[in-house]
Amino acid sequence: MNEPTCPPPVAVPRTPRTALPPGACDAHCHIFGPTSTFPYAPERTFTPPEAPRERLEELHRLLGLERAVIVQSACHGTDHSALLDALERGGGRYRGVAIVTSSTPPAEVRRLHEAGVRGARLHFTPHLGSAPSEEEIRAVVGLVRPYGWHIALHVQGTGIADHEALVRSIPLPVVIDHMARVDLRDGLESPAVHALRRLLETGRVWVKVSGADRLAVSPPPMDDSAALARLLVADAPERTVWGTDFPHPNTHGFMPDDGDLTDLLPDIAPGTEGLRRLLVDNPVRCFGFAPVPPVPSAPPE
């Protein structure tokens with residue numbers, strides 16, 4: 001049995017100063033367990049502390065988030081029981097991103113879609129196992145293409161530059177997780193950042209401006225990663241979304257407070273309209289949520 005590779009999330013995050021708009025969405029979060037009901041996969045590469053759906057709901061109430069995209073974790077493998085349970089209990093408030101392989105039966109993909117899954121995640125990060133082959137990627141794309149899912153890409157370091165041609169070849173929308181986890185020690189003019197920005201220019205690539213804590217060179221200050229997020233939002237204001245990454249799996253050393261991450265948002269997407277676009281309108285288009293009516297303007301006095 002693997003031992004936990006990261007500490008548990010901050011027990012009681014501080015209440016953020018930032019008020020989020022109605023319908024705000026956490027576009028990247030996870031649930032782990034409880035293992036008594038939803039056991040971890042025997043072949044997992046890490047064993048996180050439990051973070052069941054109830055803890056995620058508590059966090060969202062504190063932060064003012066009304067919707068969420070729950071991303072299947074590698075520690076649960078291809079057993080989506082915990083995700084499906086959350087989607088059923090969410091009453092339309094949740095969407096999901098699944099782990100699909102060439103061995104996934106088409107009937108299972110259909111079941112996941114009907115439950116609210118809208119994407120399949122591919123890992124190119126060594127700590128989560130071997131990267132998929134081109135043949136495996138083609139098989140996954142073939143399975144999910146009839147449902148219009150996106151492909152979620154999890155890369156790090158120079159990965160986004162290394163796989164730029166692959167991203168361009170995928171005939172579906174692609175969502176890049178965590179700003180491609182580029183190495184900010186190389187600055188904002190690195191080949192990886194340029195590759196990410198070029199991909200955004202294609203008009204069919206999205207990016208999650210999440211993971212500021214992971215990218216920051218010397219946290220707790222996250223000014224450098226917030227600057228990258230702000231740059232990406234300016235590049236593609238209609239194709240950026242944000243998430244907490246709760247409960248921050250495989251985090252080493254610095255465990256962020258989700259209140260602090262939330263308070264980066266006005267710097268990342270300035271202005272009321274920018275915040276609504278990032279947290280409300282873009283998730284509607286990317287993940288298929290029901291539209292959120294705009295808040296009526298106050299009548300003049």
# chains A, B, ... in the order shown; residues from 1 in each chain; ligands from 1
$ select_by_dssp --residues "segment 79-187 of chain A" --states "strand (DSSP E)" --output "list in words"
Tyr94, Arg95, Gly96, Val97, Ala98, Val117, Arg118, Gly119, Ala120, Arg121, Leu122, His123, His150, Ile151, Ala152, Leu153, His154, Val174, Val175 and Ile176 of chain A
$ write_last_selection --atoms "all heavy atoms" --output "short mmCIF file (atom, residue, chain, number, x, y, z; two decimals), in the first residue's frame"
data_model
loop_
_atom_site.label_atom_id
_atom_site.label_comp_id
_atom_site.auth_asym_id
_atom_site.auth_seq_id
_atom_site.Cartn_x
_atom_site.Cartn_y
_atom_site.Cartn_z
N TYR A 94 -22.83 19.89 -11.31
CA TYR A 94 -21.51 19.34 -11.58
C TYR A 94 -21.42 18.79 -13.00
O TYR A 94 -22.39 18.30 -13.57
CB TYR A 94 -21.19 18.19 -10.61
CG TYR A 94 -21.14 18.57 -9.15
CD1 TYR A 94 -21.53 17.66 -8.17
CD2 TYR A 94 -20.71 19.83 -8.74
CE1 TYR A 94 -21.48 17.99 -6.82
CE2 TYR A 94 -20.67 20.17 -7.41
CZ TYR A 94 -21.06 19.25 -6.45
OH TYR A 94 -21.02 19.58 -5.12
N ARG A 95 -20.22 18.88 -13.55
CA ARG A 95 -19.82 18.14 -14.73
C ARG A 95 -18.58 17.33 -14.36
O ARG A 95 -17.97 17.57 -13.33
CB ARG A 95 -19.53 19.08 -15.90
CG ARG A 95 -20.76 19.81 -16.43
CD ARG A 95 -21.68 18.85 -17.17
NE ARG A 95 -22.84 19.53 -17.74
CZ ARG A 95 -24.01 19.65 -17.14
NH1 ARG A 95 -24.18 19.15 -15.92
NH2 ARG A 95 -25.01 20.27 -17.73
N GLY A 96 -18.23 16.38 -15.22
CA GLY A 96 -17.10 15.52 -14.90
C GLY A 96 -16.12 15.41 -16.05
O GLY A 96 -16.46 15.63 -17.22
N VAL A 97 -14.87 15.08 -15.71
CA VAL A 97 -13.84 14.72 -16.67
C VAL A 97 -13.36 13.33 -16.27
O VAL A 97 -12.99 13.10 -15.12
CB VAL A 97 -12.67 15.72 -16.67
CG1 VAL A 97 -11.55 15.23 -17.58
CG2 VAL A 97 -13.15 17.10 -17.10
N ALA A 98 -13.39 12.39 -17.22
CA ALA A 98 -13.14 10.99 -16.93
C ALA A 98 -11.75 10.55 -17.38
O ALA A 98 -11.05 11.27 -18.10
CB ALA A 98 -14.20 10.12 -17.62
N VAL A 117 -20.50 13.69 -17.68
CA VAL A 117 -19.08 13.78 -18.04
C VAL A 117 -18.96 14.44 -19.41
O VAL A 117 -19.74 14.14 -20.32
CB VAL A 117 -18.41 12.39 -18.04
CG1 VAL A 117 -17.00 12.46 -18.61
CG2 VAL A 117 -18.39 11.82 -16.63
N ARG A 118 -17.99 15.34 -19.55
CA ARG A 118 -17.83 16.09 -20.79
C ARG A 118 -16.38 16.13 -21.29
O ARG A 118 -16.08 16.88 -22.23
CB ARG A 118 -18.36 17.52 -20.61
CG ARG A 118 -19.86 17.61 -20.37
CD ARG A 118 -20.65 17.11 -21.56
NE ARG A 118 -22.09 17.18 -21.37
CZ ARG A 118 -22.85 16.20 -20.93
NH1 ARG A 118 -22.29 15.02 -20.60
NH2 ARG A 118 -24.15 16.33 -20.79
N GLY A 119 -15.49 15.36 -20.69
CA GLY A 119 -14.11 15.36 -21.15
C GLY A 119 -13.38 14.11 -20.72
O GLY A 119 -13.81 13.39 -19.81
N ALA A 120 -12.28 13.81 -21.42
CA ALA A 120 -11.41 12.68 -21.09
C ALA A 120 -10.00 13.23 -20.87
O ALA A 120 -9.49 14.00 -21.70
CB ALA A 120 -11.41 11.65 -22.21
N ARG A 121 -9.37 12.82 -19.78
CA ARG A 121 -8.07 13.38 -19.40
C ARG A 121 -6.94 12.44 -19.80
O ARG A 121 -6.99 11.24 -19.52
CB ARG A 121 -8.03 13.64 -17.90
CG ARG A 121 -6.90 14.56 -17.46
CD ARG A 121 -6.86 14.72 -15.97
NE ARG A 121 -6.11 15.91 -15.56
CZ ARG A 121 -5.58 16.09 -14.37
NH1 ARG A 121 -5.72 15.16 -13.43
NH2 ARG A 121 -4.91 17.18 -14.09
N LEU A 122 -5.91 13.02 -20.40
CA LEU A 122 -4.70 12.29 -20.76
C LEU A 122 -3.54 12.85 -19.95
O LEU A 122 -3.32 14.06 -19.93
CB LEU A 122 -4.40 12.44 -22.26
CG LEU A 122 -5.48 11.93 -23.22
CD1 LEU A 122 -5.07 12.23 -24.66
CD2 LEU A 122 -5.72 10.44 -23.04
N HIS A 123 -2.80 11.96 -19.31
CA HIS A 123 -1.67 12.36 -18.47
C HIS A 123 -0.36 12.19 -19.21
O HIS A 123 -0.07 11.13 -19.77
CB HIS A 123 -1.62 11.50 -17.20
CG HIS A 123 -2.76 11.71 -16.27
ND1 HIS A 123 -2.87 12.83 -15.46
CD2 HIS A 123 -3.86 10.96 -15.99
CE1 HIS A 123 -3.97 12.75 -14.74
NE2 HIS A 123 -4.59 11.63 -15.05
N HIS A 150 -14.33 17.15 -24.78
CA HIS A 150 -12.99 17.71 -24.97
C HIS A 150 -11.95 16.72 -24.48
O HIS A 150 -12.27 15.78 -23.73
CB HIS A 150 -12.84 19.06 -24.24
CG HIS A 150 -12.82 18.95 -22.75
ND1 HIS A 150 -13.96 19.08 -21.97
CD2 HIS A 150 -11.80 18.70 -21.86
CE1 HIS A 150 -13.64 18.94 -20.69
NE2 HIS A 150 -12.33 18.70 -20.60
N ILE A 151 -10.72 16.92 -24.88
CA ILE A 151 -9.58 16.18 -24.35
C ILE A 151 -8.85 17.09 -23.38
O ILE A 151 -8.42 18.18 -23.75
CB ILE A 151 -8.64 15.71 -25.47
CG1 ILE A 151 -9.35 14.75 -26.42
CG2 ILE A 151 -7.38 15.06 -24.88
CD1 ILE A 151 -9.79 13.45 -25.79
N ALA A 152 -8.74 16.66 -22.14
CA ALA A 152 -8.00 17.40 -21.12
C ALA A 152 -6.56 16.90 -21.11
O ALA A 152 -6.32 15.69 -21.00
CB ALA A 152 -8.64 17.22 -19.75
N LEU A 153 -5.63 17.81 -21.23
CA LEU A 153 -4.22 17.45 -21.33
C LEU A 153 -3.48 17.90 -20.08
O LEU A 153 -3.50 19.08 -19.74
CB LEU A 153 -3.61 18.09 -22.57
CG LEU A 153 -2.40 17.39 -23.19
CD1 LEU A 153 -2.80 16.03 -23.74
CD2 LEU A 153 -1.81 18.26 -24.29
N HIS A 154 -2.83 16.95 -19.42
CA HIS A 154 -2.07 17.24 -18.20
C HIS A 154 -0.59 17.05 -18.51
O HIS A 154 -0.11 15.92 -18.65
CB HIS A 154 -2.52 16.29 -17.09
CG HIS A 154 -1.93 16.59 -15.76
ND1 HIS A 154 -1.94 15.68 -14.72
CD2 HIS A 154 -1.30 17.70 -15.27
CE1 HIS A 154 -1.36 16.21 -13.66
NE2 HIS A 154 -0.96 17.42 -13.98
N VAL A 174 -9.43 20.95 -27.02
CA VAL A 174 -8.42 20.52 -26.04
C VAL A 174 -8.39 21.54 -24.91
O VAL A 174 -8.37 22.75 -25.16
CB VAL A 174 -7.03 20.39 -26.69
CG1 VAL A 174 -5.97 20.06 -25.64
CG2 VAL A 174 -7.04 19.33 -27.78
N VAL A 175 -8.40 21.04 -23.68
CA VAL A 175 -8.32 21.90 -22.50
C VAL A 175 -7.01 21.57 -21.78
O VAL A 175 -6.79 20.44 -21.37
CB VAL A 175 -9.51 21.69 -21.55
CG1 VAL A 175 -9.39 22.59 -20.33
CG2 VAL A 175 -10.83 21.96 -22.28
N ILE A 176 -6.14 22.56 -21.66
CA ILE A 176 -4.83 22.38 -21.03
C ILE A 176 -4.98 22.65 -19.54
O ILE A 176 -5.38 23.75 -19.13
CB ILE A 176 -3.78 23.32 -21.63
CG1 ILE A 176 -3.75 23.20 -23.15
CG2 ILE A 176 -2.40 23.05 -21.01
CD1 ILE A 176 -3.32 21.87 -23.67
#
$ residues_around --residues "Glu136 of chain A" --least-positions-apart "2" --cutoff "12 Å" --atoms "only C-alpha atoms" --output "list in words"
Val100, Thr101, Ser102, Ser103, Thr104, Leu122, His123, Ser130, Ala131, Pro132, Ser133, Glu134, Arg138, Ala139, Val140, Val141, Gly142 and Leu143 of chain A
$ write_last_selection --atoms "N, CA and C atoms" --output "JSON list (two decimals), in the first residue's frame"
[["chain", "number", "residue", "atom", "x", "y", "z"],
["A", 100, "VAL", "N", -10.47, 7.73, -19.66],
["A", 100, "VAL", "CA", -10.91, 6.78, -20.68],
["A", 100, "VAL", "C", -9.67, 6.18, -21.32],
["A", 101, "THR", "N", -9.71, 4.88, -21.58],
["A", 101, "THR", "CA", -8.62, 4.19, -22.26],
["A", 101, "THR", "C", -9.17, 3.46, -23.48],
["A", 102, "SER", "N", -8.27, 2.88, -24.25],
["A", 102, "SER", "CA", -8.70, 2.13, -25.42],
["A", 102, "SER", "C", -9.53, 0.91, -25.03],
["A", 103, "SER", "N", -9.44, 0.50, -23.76],
["A", 103, "SER", "CA", -10.20, -0.66, -23.28],
["A", 103, "SER", "C", -11.57, -0.29, -22.72],
["A", 104, "THR", "N", -11.88, 0.99, -22.64],
["A", 104, "THR", "CA", -13.17, 1.42, -22.11],
["A", 104, "THR", "C", -14.28, 1.03, -23.07],
["A", 122, "LEU", "N", -5.91, 13.02, -20.40],
["A", 122, "LEU", "CA", -4.70, 12.29, -20.76],
["A", 122, "LEU", "C", -3.54, 12.85, -19.95],
["A", 123, "HIS", "N", -2.80, 11.96, -19.31],
["A", 123, "HIS", "CA", -1.67, 12.36, -18.47],
["A", 123, "HIS", "C", -0.36, 12.19, -19.21],
["A", 130, "SER", "N", 2.91, 6.00, -17.21],
["A", 130, "SER", "CA", 3.40, 6.16, -18.58],
["A", 130, "SER", "C", 2.43, 7.01, -19.41],
["A", 131, "ALA", "N", 3.00, 7.82, -20.30],
["A", 131, "ALA", "CA", 2.18, 8.62, -21.20],
["A", 131, "ALA", "C", 1.50, 7.73, -22.22],
["A", 132, "PRO", "N", 0.33, 8.11, -22.68],
["A", 132, "PRO", "CA", -0.37, 7.30, -23.68],
["A", 132, "PRO", "C", 0.35, 7.35, -25.03],
["A", 133, "SER", "N", 0.26, 6.27, -25.77],
["A", 133, "SER", "CA", 0.83, 6.23, -27.11],
["A", 133, "SER", "C", -0.10, 6.95, -28.09],
["A", 134, "GLU", "N", 0.41, 7.22, -29.29],
["A", 134, "GLU", "CA", -0.44, 7.85, -30.30],
["A", 134, "GLU", "C", -1.63, 6.96, -30.65],
["A", 138, "ARG", "N", -5.56, 8.02, -30.23],
["A", 138, "ARG", "CA", -6.55, 7.91, -31.32],
["A", 138, "ARG", "C", -7.76, 7.09, -30.89],
["A", 139, "ALA", "N", -7.51, 6.05, -30.11],
["A", 139, "ALA", "CA", -8.62, 5.22, -29.64],
["A", 139, "ALA", "C", -9.52, 6.00, -28.70],
["A", 140, "VAL", "N", -8.93, 6.75, -27.78],
["A", 140, "VAL", "CA", -9.72, 7.54, -26.84],
["A", 140, "VAL", "C", -10.53, 8.60, -27.58],
["A", 141, "VAL", "N", -9.88, 9.29, -28.52],
["A", 141, "VAL", "CA", -10.59, 10.30, -29.31],
["A", 141, "VAL", "C", -11.76, 9.67, -30.04],
["A", 142, "GLY", "N", -11.56, 8.48, -30.61],
["A", 142, "GLY", "CA", -12.64, 7.81, -31.31],
["A", 142, "GLY", "C", -13.81, 7.45, -30.42],
["A", 143, "LEU", "N", -13.52, 7.10, -29.17],
["A", 143, "LEU", "CA", -14.58, 6.73, -28.23],
["A", 143, "LEU", "C", -15.41, 7.94, -27.81]]
$ residues_around --residues "segment 81-93 of chain A" --least-positions-apart "6" --cutoff "7 Å" --atoms "only C-alpha atoms" --output "NGL selection string"
:A and (33 or 38 or 53 or 66-68 or 72 or 115-116)
$ residues_around --residues "Arg185 of chain A" --least-positions-apart "4" --cutoff "10 Å" --atoms "only C-alpha atoms" --output "ChimeraX atom specification"
/A:190,215-218,224
$ write_last_selection --atoms "N, CA, C and O atoms" --output "PDB file, in the first residue's frame"
ATOM      1  N   SER A 190       9.609  31.794 -22.140  1.00  0.00           N
ATOM      2  CA  SER A 190      10.171  30.469 -22.365  1.00  0.00           C
ATOM      3  C   SER A 190       9.513  29.799 -23.577  1.00  0.00           C
ATOM      4  O   SER A 190       8.393  30.158 -23.974  1.00  0.00           O
ATOM      5  N   LEU A 215       2.794  26.490  -9.821  1.00  0.00           N
ATOM      6  CA  LEU A 215       3.724  27.138 -10.739  1.00  0.00           C
ATOM      7  C   LEU A 215       4.599  28.190 -10.070  1.00  0.00           C
ATOM      8  O   LEU A 215       5.676  28.506 -10.584  1.00  0.00           O
ATOM      9  N   ALA A 216       4.130  28.770  -8.967  1.00  0.00           N
ATOM     10  CA  ALA A 216       4.876  29.841  -8.316  1.00  0.00           C
ATOM     11  C   ALA A 216       6.281  29.358  -7.951  1.00  0.00           C
ATOM     12  O   ALA A 216       6.459  28.264  -7.414  1.00  0.00           O
ATOM     13  N   VAL A 217       7.271  30.178  -8.232  1.00  0.00           N
ATOM     14  CA  VAL A 217       8.659  29.781  -7.998  1.00  0.00           C
ATOM     15  C   VAL A 217       8.996  29.764  -6.515  1.00  0.00           C
ATOM     16  O   VAL A 217       9.665  28.849  -6.031  1.00  0.00           O
ATOM     17  N   SER A 218       8.505  30.763  -5.780  1.00  0.00           N
ATOM     18  CA  SER A 218       8.838  30.863  -4.354  1.00  0.00           C
ATOM     19  C   SER A 218       7.596  31.183  -3.541  1.00  0.00           C
ATOM     20  O   SER A 218       7.474  32.279  -2.975  1.00  0.00           O
ATOM     21  N   ASP A 224       4.118  35.636  -9.666  1.00  0.00           N
ATOM     22  CA  ASP A 224       4.623  35.202 -10.961  1.00  0.00           C
ATOM     23  C   ASP A 224       3.619  34.316 -11.695  1.00  0.00           C
ATOM     24  O   ASP A 224       3.378  34.486 -12.887  1.00  0.00           O
TER      25      ASP A 224
END
$ closest_residue --among "A:Glu135, A:Asp177, A:Asp235, A:Glu50" --to "Val155 of chain A" --atoms "only C-alpha atoms"
A:Asp177
$ residues_around --residues "Ala27 of chain A" --least-positions-apart "4" --cutoff "9 Å" --atoms "only C-alpha atoms" --output "list in words"
Arg67, Ala68, Val69, Ile70, Val71, Arg95, Lys208, Ser210, Val241, Trp242, Gly243, Thr244, Asp245, Leu279, Pro283 and Phe287 of chain A
$ select_by_dssp --residues "segment 256-295 of chain A" --states "alpha helix (DSSP H)" --output "PyMOL selection string"
chain A and resi 258-262+265-268+271-276+282-287
$ write_last_selection --atoms "all heavy atoms" --output "compact mmCIF listing (two decimals), in the first residue's frame"
# COMPACT_ATOMS: atom_id res chain seq x y z
N ASP A 258 -7.19 27.92 -0.07
CA ASP A 258 -8.07 28.21 -1.19
C ASP A 258 -8.65 29.62 -1.15
O ASP A 258 -9.04 30.16 -2.18
CB ASP A 258 -9.19 27.16 -1.25
CG ASP A 258 -8.66 25.80 -1.67
OD1 ASP A 258 -8.34 25.64 -2.86
OD2 ASP A 258 -8.54 24.91 -0.81
N GLY A 259 -8.69 30.21 0.04
CA GLY A 259 -9.09 31.61 0.12
C GLY A 259 -8.08 32.51 -0.57
O GLY A 259 -8.44 33.47 -1.26
N ASP A 260 -6.79 32.20 -0.42
CA ASP A 260 -5.75 32.98 -1.09
C ASP A 260 -5.84 32.81 -2.60
O ASP A 260 -5.68 33.79 -3.36
CB ASP A 260 -4.36 32.54 -0.61
CG ASP A 260 -4.12 32.86 0.86
OD1 ASP A 260 -4.78 33.78 1.39
OD2 ASP A 260 -3.26 32.19 1.47
N LEU A 261 -6.07 31.58 -3.06
CA LEU A 261 -6.19 31.36 -4.50
C LEU A 261 -7.37 32.12 -5.08
O LEU A 261 -7.28 32.69 -6.17
CB LEU A 261 -6.35 29.86 -4.78
CG LEU A 261 -5.14 28.98 -4.45
CD1 LEU A 261 -5.50 27.51 -4.64
CD2 LEU A 261 -3.94 29.35 -5.30
N THR A 262 -8.47 32.15 -4.35
CA THR A 262 -9.65 32.88 -4.81
C THR A 262 -9.37 34.37 -4.90
O THR A 262 -9.83 35.05 -5.83
CB THR A 262 -10.83 32.62 -3.86
OG1 THR A 262 -11.08 31.21 -3.80
CG2 THR A 262 -12.09 33.33 -4.34
N LEU A 265 -8.09 36.10 -8.11
CA LEU A 265 -8.95 36.21 -9.29
C LEU A 265 -9.11 37.64 -9.83
O LEU A 265 -9.06 37.84 -11.04
CB LEU A 265 -10.32 35.59 -8.99
CG LEU A 265 -10.34 34.06 -9.02
CD1 LEU A 265 -11.63 33.52 -8.43
CD2 LEU A 265 -10.14 33.55 -10.44
N PRO A 266 -9.31 38.66 -8.99
CA PRO A 266 -9.44 40.01 -9.56
C PRO A 266 -8.19 40.48 -10.29
O PRO A 266 -8.28 41.34 -11.17
CB PRO A 266 -9.72 40.87 -8.31
CG PRO A 266 -10.32 39.93 -7.32
CD PRO A 266 -9.59 38.65 -7.55
N ASP A 267 -7.05 39.92 -9.93
CA ASP A 267 -5.81 40.26 -10.63
C ASP A 267 -5.69 39.48 -11.94
O ASP A 267 -5.15 39.97 -12.92
CB ASP A 267 -4.61 39.95 -9.72
CG ASP A 267 -3.30 40.47 -10.28
OD1 ASP A 267 -3.31 41.52 -10.94
OD2 ASP A 267 -2.25 39.81 -10.09
N ILE A 268 -6.21 38.26 -11.96
CA ILE A 268 -6.13 37.41 -13.15
C ILE A 268 -7.14 37.85 -14.21
O ILE A 268 -6.82 37.89 -15.41
CB ILE A 268 -6.38 35.94 -12.75
CG1 ILE A 268 -5.23 35.42 -11.89
CG2 ILE A 268 -6.60 35.06 -13.97
CD1 ILE A 268 -5.49 34.05 -11.29
N GLY A 271 -12.00 43.28 -13.37
CA GLY A 271 -13.31 43.84 -13.70
C GLY A 271 -14.44 42.84 -13.53
O GLY A 271 -14.24 41.63 -13.59
N THR A 272 -15.62 43.38 -13.34
CA THR A 272 -16.80 42.53 -13.14
C THR A 272 -17.07 41.63 -14.33
O THR A 272 -17.35 40.44 -14.20
CB THR A 272 -18.03 43.42 -12.87
OG1 THR A 272 -17.78 44.23 -11.71
CG2 THR A 272 -19.26 42.58 -12.62
N GLU A 273 -16.96 42.20 -15.54
CA GLU A 273 -17.22 41.41 -16.74
C GLU A 273 -16.16 40.33 -16.93
O GLU A 273 -16.48 39.19 -17.33
CB GLU A 273 -17.28 42.32 -17.97
CG GLU A 273 -18.51 43.22 -17.99
CD GLU A 273 -18.59 44.02 -19.28
OE1 GLU A 273 -17.78 43.75 -20.20
OE2 GLU A 273 -19.46 44.90 -19.38
N GLY A 274 -14.91 40.66 -16.65
CA GLY A 274 -13.85 39.68 -16.80
C GLY A 274 -14.02 38.51 -15.85
O GLY A 274 -13.81 37.35 -16.22
N LEU A 275 -14.42 38.82 -14.62
CA LEU A 275 -14.61 37.77 -13.63
C LEU A 275 -15.79 36.88 -14.01
O LEU A 275 -15.72 35.66 -13.89
CB LEU A 275 -14.83 38.41 -12.26
CG LEU A 275 -14.42 37.60 -11.03
CD1 LEU A 275 -12.96 37.21 -11.09
CD2 LEU A 275 -14.71 38.39 -9.76
N ARG A 276 -16.86 37.49 -14.48
CA ARG A 276 -18.03 36.69 -14.88
C ARG A 276 -17.69 35.80 -16.08
O ARG A 276 -18.08 34.63 -16.13
CB ARG A 276 -19.22 37.59 -15.20
CG ARG A 276 -20.42 36.77 -15.69
CD ARG A 276 -21.60 37.60 -16.09
NE ARG A 276 -22.54 36.77 -16.84
CZ ARG A 276 -23.59 36.13 -16.32
NH1 ARG A 276 -23.85 36.22 -15.03
NH2 ARG A 276 -24.38 35.39 -17.08
N ASN A 282 -17.69 31.25 -19.58
CA ASN A 282 -16.81 30.28 -20.25
C ASN A 282 -17.07 28.84 -19.81
O ASN A 282 -17.10 27.94 -20.65
CB ASN A 282 -15.35 30.66 -20.04
CG ASN A 282 -14.96 31.92 -20.81
OD1 ASN A 282 -15.75 32.44 -21.59
ND2 ASN A 282 -13.74 32.39 -20.60
N PRO A 283 -17.26 28.57 -18.51
CA PRO A 283 -17.60 27.20 -18.13
C PRO A 283 -18.90 26.70 -18.75
O PRO A 283 -19.03 25.51 -19.05
CB PRO A 283 -17.70 27.28 -16.60
CG PRO A 283 -16.80 28.40 -16.22
CD PRO A 283 -16.95 29.40 -17.34
N VAL A 284 -19.87 27.60 -18.94
CA VAL A 284 -21.11 27.19 -19.61
C VAL A 284 -20.80 26.65 -21.00
O VAL A 284 -21.28 25.59 -21.40
CB VAL A 284 -22.09 28.39 -19.69
CG1 VAL A 284 -23.22 28.10 -20.67
CG2 VAL A 284 -22.66 28.69 -18.31
N ARG A 285 -19.96 27.35 -21.74
CA ARG A 285 -19.65 26.93 -23.11
C ARG A 285 -18.72 25.72 -23.15
O ARG A 285 -18.87 24.84 -23.99
CB ARG A 285 -19.01 28.09 -23.88
CG ARG A 285 -19.96 29.27 -24.10
CD ARG A 285 -19.41 30.26 -25.10
NE ARG A 285 -18.12 30.81 -24.69
CZ ARG A 285 -16.97 30.59 -25.30
NH1 ARG A 285 -16.92 29.79 -26.36
NH2 ARG A 285 -15.86 31.15 -24.87
N CYS A 286 -17.77 25.67 -22.25
CA CYS A 286 -16.78 24.60 -22.29
C CYS A 286 -17.34 23.27 -21.79
O CYS A 286 -17.01 22.21 -22.35
CB CYS A 286 -15.56 25.00 -21.45
SG CYS A 286 -14.15 23.89 -21.60
N PHE A 287 -18.17 23.31 -20.77
CA PHE A 287 -18.60 22.08 -20.10
C PHE A 287 -20.09 21.78 -20.23
O PHE A 287 -20.55 20.77 -19.71
CB PHE A 287 -18.22 22.15 -18.61
CG PHE A 287 -16.76 22.43 -18.38
CD1 PHE A 287 -16.36 23.65 -17.85
CD2 PHE A 287 -15.79 21.50 -18.71
CE1 PHE A 287 -15.01 23.92 -17.65
CE2 PHE A 287 -14.44 21.76 -18.51
CZ PHE A 287 -14.05 22.98 -17.98
$ closest_residue --among "A:Val193, A:Met179, A:Ala161, A:Ala74" --to "Thr45 of chain A" --atoms "only C-alpha atoms"
A:Ala74
